[in-house]
Amino acid sequence: MGRMDRIHSLDDLQRAAGRRLPKMVREFVDGGADDEVTLRANVADFADVVLQPKVMSDVTTRSQEVTVFGETYPTAVGLSPAGLARLVHRDGELAAARAAAGAGVVFAPSIASSFSIEEIAAVGKGPRWFQLYLWKDRSVVEALVERAKQAGCSTLCLTVDVPIVGNRRRDVHNGMSIPPKIRLGNALDAARHPSWLYGLVCGQPITFRNLLGVADGDGAIAIGTYVNTELINPSAIWDDFAWLRELWDGPLVVKGILTAEDARRAISLGADGIVVSNHGGRQLDGAPSSIRALDTVARADLGAELFLDGGVRTGVDVVRACALGARMVFVGRPWFWGLAVAGEQGVAHMLGILQAEIDRTLALLGCSSISELDRTWVEFG
Ligand SMILES: Cc1cc2nc3c(=O)[nH]c(=O)nc-3n(C[C@H](O)[C@H](O)[C@H](O)COP(=O)(O)O)c2cc1C
């Protein structure tokens with residue numbers, strides 16, 4: 001396996017990815033908004049969910065299979081939508097899609113991905129969600145929804161926590177741009193990461209390929225400007241969600257909800273699932289950690305599928321979230337780290353680590369199936 005031999009945890013993977021990426025890209029991936037309080041809490045608050053083992057329970061066979069919207073998956077982990085994966089590896093989302101298909105897990109490509117949904121669909125045969133934003137121009141949304149359907153996506157995931165982009169101070173300090181520009185200030189750093197630089201210059205240009213031919217403007221910068229000025233939509237309201245619900249007849253999931261009130265609203269308007277998420281601490285700093293928010297939303301017992309992303313770094317975390325009410329959890333940065341280290345193989349390795357950790361945790365907990373988990377297995381206060 002070579003490069004992955006010494007990577008036994010997602011922490012190892014993060015460190016290895018950090019060594020392969022220049023600071024500007026590493027901090028774009030790992031950083032969060034403002035003081036990064038929510039970013040840190042996402043990881044730290046998992047430690048407050050204390051497992052309650054049930055010993056002597058015959059755990060000879062264990063299953064982490066879960067069923068979501070009629071589909072059964074081998075494990076309760078999926079890959080969160082995260083845009084522009086080409087920034088960390090020349091094969092970007094294509095490699096992630098192959099790894100997800102190989103493991104049989106959900107991959108939810110972002111509307112802001114660096115390969116188009118058609119290109120991603122062509123390589124990965126696995127079950128696939130598609131994430132989008134409710135942008136101002138409804139015809140753009142309509143066209144993308146139709147393309148997602150044609151590409152075989154089963155579930156639409158609407159992200160609702162980006163009325164404007166959060167304040168990522170590290171990106172401001174580093175002069176991070178899309179595509180990244182090599183300037184005097186970062187040239188040395190880039191030169192110290194030759195494999196990253198090679199991927200940057202040898203792959204196709206870094207741009208939002210879902211929007212070529214859909215949004216105006218040619219070239220990455222023009223599209224980036226278009227996205228910021230025209231597509232991001234601070235005026236979106238729940239009526240717009242109701243419009244999308246009419247348009248899409250498959251499962252519809254709302255991502256970026258942190259309160260029971262908002263979850264209730266989304267479900268009353270036809271959402272089939274909620275991804276409890278604060279966008280990995282990249283949007284509203286000071287928002288609750290995803291695991292705390294999951295606890296709040298799950299207690300309201302609203303009857304839709306609950307998912308979580310943000311701060312999941314171990315199989316123990318996956319078990320904790322499932323016990324608090326998540327059907328499945330998603331990881332964002334961890335698949336970028338895997339990608340940065342070894343492309344498809346790196347993402348597959350990351351998923352393998354989590355699956356092994358979940359299996360071991362279930363055994364030690366005295367639980368033979370992840371779908372049996374509920375609040376009786378944890379204390380959280
Ligand atoms: C580099 C990066 C890009 C992201 N792009 C998107 C996106 O395009 N759409 C979206 O809904 N969420 C996006 N997210 C947020 C993730 O979907 C997810 O909520 C977050 O990464 C989960 O936290 P984790 O990284 O701690 O697992 C992005 C996250 C990262 C790190």
# chains A, B, ... in the order shown; residues from 1 in each chain; ligands from 1
$ select_by_dssp --residues "segment 70-279 of chain A" --states "alpha helix (DSSP H)" --output "PDB file with C-alpha atoms, in the first residue's frame"
ATOM      1  CA  GLY A  92     -10.608  15.610  -7.616  1.00  0.00           C
ATOM      2  CA  GLU A  93     -14.194  14.392  -7.319  1.00  0.00           C
ATOM      3  CA  LEU A  94     -13.609  11.666  -9.917  1.00  0.00           C
ATOM      4  CA  ALA A  95     -11.236   9.887  -7.529  1.00  0.00           C
ATOM      5  CA  ALA A  96     -13.639  10.404  -4.618  1.00  0.00           C
ATOM      6  CA  ALA A  97     -16.507   9.010  -6.674  1.00  0.00           C
ATOM      7  CA  ARG A  98     -14.480   5.897  -7.525  1.00  0.00           C
ATOM      8  CA  ALA A  99     -13.580   5.361  -3.866  1.00  0.00           C
ATOM      9  CA  ALA A 100     -17.191   5.890  -2.760  1.00  0.00           C
ATOM     10  CA  ALA A 101     -18.456   3.494  -5.433  1.00  0.00           C
ATOM     11  CA  GLY A 102     -15.838   0.924  -4.402  1.00  0.00           C
ATOM     12  CA  ALA A 103     -16.959   1.119  -0.781  1.00  0.00           C
ATOM     13  CA  ILE A 117     -22.086  15.913 -12.370  1.00  0.00           C
ATOM     14  CA  GLU A 118     -22.027  14.083 -15.720  1.00  0.00           C
ATOM     15  CA  GLU A 119     -18.270  13.516 -15.497  1.00  0.00           C
ATOM     16  CA  ILE A 120     -18.627  12.261 -11.919  1.00  0.00           C
ATOM     17  CA  ALA A 121     -21.570  10.016 -12.792  1.00  0.00           C
ATOM     18  CA  ALA A 122     -19.544   8.462 -15.619  1.00  0.00           C
ATOM     19  CA  VAL A 123     -16.900   7.051 -13.259  1.00  0.00           C
ATOM     20  CA  ARG A 138     -34.423  29.610 -10.918  1.00  0.00           C
ATOM     21  CA  SER A 139     -33.705  28.524 -14.468  1.00  0.00           C
ATOM     22  CA  VAL A 140     -30.127  27.673 -13.415  1.00  0.00           C
ATOM     23  CA  VAL A 141     -31.490  25.583 -10.531  1.00  0.00           C
ATOM     24  CA  GLU A 142     -34.030  23.895 -12.829  1.00  0.00           C
ATOM     25  CA  ALA A 143     -31.343  22.992 -15.338  1.00  0.00           C
ATOM     26  CA  LEU A 144     -29.090  21.553 -12.620  1.00  0.00           C
ATOM     27  CA  VAL A 145     -31.907  19.536 -11.059  1.00  0.00           C
ATOM     28  CA  GLU A 146     -32.693  18.042 -14.456  1.00  0.00           C
ATOM     29  CA  ARG A 147     -29.027  17.220 -15.036  1.00  0.00           C
ATOM     30  CA  ALA A 148     -28.794  15.562 -11.609  1.00  0.00           C
ATOM     31  CA  LYS A 149     -31.775  13.415 -12.508  1.00  0.00           C
ATOM     32  CA  GLN A 150     -30.298  12.478 -15.897  1.00  0.00           C
ATOM     33  CA  ARG A 169      -9.790  34.835   7.844  1.00  0.00           C
ATOM     34  CA  ARG A 170      -7.069  32.388   6.881  1.00  0.00           C
ATOM     35  CA  ASP A 171      -8.095  32.619   3.246  1.00  0.00           C
ATOM     36  CA  VAL A 172      -7.981  36.404   3.438  1.00  0.00           C
ATOM     37  CA  HIS A 173      -4.512  36.366   4.995  1.00  0.00           C
ATOM     38  CA  ASN A 174      -3.235  33.810   2.497  1.00  0.00           C
ATOM     39  CA  LEU A 184       5.928  36.112  -4.838  1.00  0.00           C
ATOM     40  CA  GLY A 185       4.558  35.543  -1.330  1.00  0.00           C
ATOM     41  CA  ASN A 186       3.598  31.893  -1.839  1.00  0.00           C
ATOM     42  CA  ALA A 187       5.913  30.749  -4.652  1.00  0.00           C
ATOM     43  CA  LEU A 188       8.448  29.184  -2.291  1.00  0.00           C
ATOM     44  CA  ASP A 189       5.739  27.328  -0.405  1.00  0.00           C
ATOM     45  CA  ALA A 190       4.273  26.040  -3.678  1.00  0.00           C
ATOM     46  CA  ALA A 191       7.722  24.977  -4.901  1.00  0.00           C
ATOM     47  CA  PRO A 194       6.111  19.703  -6.120  1.00  0.00           C
ATOM     48  CA  SER A 195       3.584  16.858  -6.341  1.00  0.00           C
ATOM     49  CA  TRP A 196       0.764  19.274  -5.536  1.00  0.00           C
ATOM     50  CA  LEU A 197       2.130  21.816  -8.016  1.00  0.00           C
ATOM     51  CA  TYR A 198       2.385  19.148 -10.688  1.00  0.00           C
ATOM     52  CA  GLY A 199      -1.273  18.209 -10.142  1.00  0.00           C
ATOM     53  CA  LEU A 200      -2.239  21.846 -10.321  1.00  0.00           C
ATOM     54  CA  VAL A 201      -0.561  22.646 -13.596  1.00  0.00           C
ATOM     55  CA  CYS A 202      -1.007  19.296 -15.347  1.00  0.00           C
ATOM     56  CA  ALA A 220     -12.661  30.497 -13.791  1.00  0.00           C
ATOM     57  CA  ILE A 221     -12.491  34.057 -12.602  1.00  0.00           C
ATOM     58  CA  ALA A 222     -15.540  35.189 -14.529  1.00  0.00           C
ATOM     59  CA  ILE A 223     -17.518  32.217 -13.251  1.00  0.00           C
ATOM     60  CA  GLY A 224     -16.325  32.818  -9.706  1.00  0.00           C
ATOM     61  CA  THR A 225     -17.483  36.404  -9.898  1.00  0.00           C
ATOM     62  CA  TYR A 226     -20.780  35.280 -11.352  1.00  0.00           C
ATOM     63  CA  TRP A 238     -38.936  28.734   2.678  1.00  0.00           C
ATOM     64  CA  ASP A 239     -41.307  29.475  -0.233  1.00  0.00           C
ATOM     65  CA  ASP A 240     -38.357  28.828  -2.520  1.00  0.00           C
ATOM     66  CA  PHE A 241     -37.844  25.503  -0.828  1.00  0.00           C
ATOM     67  CA  ALA A 242     -41.501  24.651  -1.451  1.00  0.00           C
ATOM     68  CA  TRP A 243     -40.882  25.452  -5.132  1.00  0.00           C
ATOM     69  CA  LEU A 244     -37.930  23.044  -5.234  1.00  0.00           C
ATOM     70  CA  ARG A 245     -40.041  20.381  -3.514  1.00  0.00           C
ATOM     71  CA  GLU A 246     -42.496  20.619  -6.424  1.00  0.00           C
ATOM     72  CA  LEU A 247     -39.689  20.283  -8.921  1.00  0.00           C
ATOM     73  CA  ALA A 260     -35.547  21.926  15.990  1.00  0.00           C
ATOM     74  CA  GLU A 261     -37.612  24.888  14.798  1.00  0.00           C
ATOM     75  CA  ASP A 262     -35.945  25.019  11.367  1.00  0.00           C
ATOM     76  CA  ALA A 263     -36.037  21.235  11.082  1.00  0.00           C
ATOM     77  CA  ARG A 264     -39.777  21.246  11.808  1.00  0.00           C
ATOM     78  CA  ARG A 265     -40.300  23.911   9.133  1.00  0.00           C
ATOM     79  CA  ALA A 266     -38.344  21.989   6.518  1.00  0.00           C
ATOM     80  CA  ILE A 267     -40.146  18.742   7.283  1.00  0.00           C
ATOM     81  CA  SER A 268     -43.563  20.408   7.224  1.00  0.00           C
TER      82      SER A 268
END
$ select_by_dssp --residues "segment 57-86 of chain A" --states "strand (DSSP E)" --output "compact mmCIF listing (two decimals) with C-alpha atoms, in the first residue's frame"
# COMPACT_ATOMS: atom_id res chain seq x y z
CA VAL A 66 -27.98 1.06 7.27
CA THR A 67 -30.97 1.64 5.04
CA VAL A 68 -31.68 5.16 3.82
CA GLU A 71 -31.25 1.79 -0.25
CA THR A 72 -29.02 -0.33 1.95
CA TYR A 73 -25.42 0.75 2.48
CA VAL A 77 -20.63 6.94 6.61
CA GLY A 78 -20.89 9.05 3.45
CA LEU A 79 -18.85 11.79 1.79
$ residues_near_ligand --ligand "ligand 1" --cutoff "6 Å" --atoms "only C-alpha atoms and all ligand atoms" --output "VMD selection string"
chain A and resid 29 80 to 83 110 112 159 277 279 to 280 309 to 312 331 to 333
$ closest_residue --among "A:Leu39, A:Ala363, A:Ala17, A:Leu212" --to "Ser113 of chain A" --atoms "only C-alpha atoms"
A:Leu212
$ residues_around --residues "segment 45-61 of chain A" --least-positions-apart "4" --cutoff "7 Å" --atoms "only C-alpha atoms" --output "tab-separated table (two decimals) with C-alpha atoms, in the first residue's frame"
chain	number	residue	atom	x	y	z
A	41	ALA	CA	-16.40	22.60	19.05
A	289	SER	CA	-21.41	22.10	17.29
A	291	ILE	CA	-23.28	16.88	17.66
A	317	ASP	CA	-17.79	9.52	16.71
A	320	ARG	CA	-21.97	8.43	19.11
A	363	ALA	CA	-17.94	-4.98	19.59
A	365	LEU	CA	-19.86	-1.52	23.27
A	366	GLY	CA	-21.74	-4.82	23.16
A	367	CYS	CA	-23.87	-3.85	20.18
A	368	SER	CA	-24.10	-6.17	17.17
A	377	TRP	CA	-26.21	3.59	24.65
A	378	VAL	CA	-24.99	7.07	25.59
A	379	GLU	CA	-25.04	9.76	28.21
A	380	PHE	CA	-24.80	13.32	27.02
$ decode --residues "segment 292-307 of chain A" --atoms "N, CA and C atoms" --output "JSON list (two decimals), in the first residue's frame"
[["chain", "number", "residue", "atom", "x", "y", "z"],
["A", 292, "ARG", "N", -24.04, 18.64, 19.19],
["A", 292, "ARG", "CA", -25.03, 19.24, 20.12],
["A", 292, "ARG", "C", -26.33, 19.55, 19.39],
["A", 293, "ALA", "N", -26.19, 20.08, 18.19],
["A", 293, "ALA", "CA", -27.39, 20.41, 17.42],
["A", 293, "ALA", "C", -28.17, 19.15, 17.07],
["A", 294, "LEU", "N", -27.45, 18.07, 16.79],
["A", 294, "LEU", "CA", -28.14, 16.81, 16.50],
["A", 294, "LEU", "C", -28.97, 16.38, 17.71],
["A", 295, "ASP", "N", -28.37, 16.50, 18.88],
["A", 295, "ASP", "CA", -29.08, 16.13, 20.11],
["A", 295, "ASP", "C", -30.38, 16.93, 20.22],
["A", 296, "THR", "N", -30.31, 18.24, 19.98],
["A", 296, "THR", "CA", -31.50, 19.09, 20.07],
["A", 296, "THR", "C", -32.56, 18.68, 19.05],
["A", 297, "VAL", "N", -32.12, 18.51, 17.82],
["A", 297, "VAL", "CA", -33.09, 18.20, 16.75],
["A", 297, "VAL", "C", -33.70, 16.81, 16.97],
["A", 298, "ALA", "N", -32.86, 15.86, 17.38],
["A", 298, "ALA", "CA", -33.37, 14.49, 17.56],
["A", 298, "ALA", "C", -34.38, 14.42, 18.70],
["A", 299, "ARG", "N", -34.16, 15.20, 19.75],
["A", 299, "ARG", "CA", -35.09, 15.20, 20.88],
["A", 299, "ARG", "C", -36.48, 15.67, 20.46],
["A", 300, "ALA", "N", -36.55, 16.50, 19.42],
["A", 300, "ALA", "CA", -37.85, 17.01, 18.97],
["A", 300, "ALA", "C", -38.67, 15.91, 18.27],
["A", 301, "ASP", "N", -38.00, 14.82, 17.91],
["A", 301, "ASP", "CA", -38.69, 13.64, 17.39],
["A", 301, "ASP", "C", -39.63, 13.99, 16.23],
["A", 302, "LEU", "N", -39.04, 14.47, 15.15],
["A", 302, "LEU", "CA", -39.84, 15.04, 14.07],
["A", 302, "LEU", "C", -40.20, 14.05, 12.97],
["A", 303, "GLY", "N", -39.62, 12.87, 13.02],
["A", 303, "GLY", "CA", -40.06, 11.83, 12.10],
["A", 303, "GLY", "C", -39.42, 11.81, 10.73],
["A", 304, "ALA", "N", -38.38, 12.63, 10.49],
["A", 304, "ALA", "CA", -37.66, 12.53, 9.21],
["A", 304, "ALA", "C", -36.29, 11.89, 9.48],
["A", 305, "GLU", "N", -35.64, 11.46, 8.43],
["A", 305, "GLU", "CA", -34.30, 10.91, 8.60],
["A", 305, "GLU", "C", -33.35, 12.01, 9.04],
["A", 306, "LEU", "N", -32.52, 11.72, 10.02],
["A", 306, "LEU", "CA", -31.53, 12.70, 10.46],
["A", 306, "LEU", "C", -30.13, 12.24, 10.07],
["A", 307, "PHE", "N", -29.36, 13.19, 9.60],
["A", 307, "PHE", "CA", -27.96, 12.94, 9.26],
["A", 307, "PHE", "C", -27.14, 14.01, 9.97]]
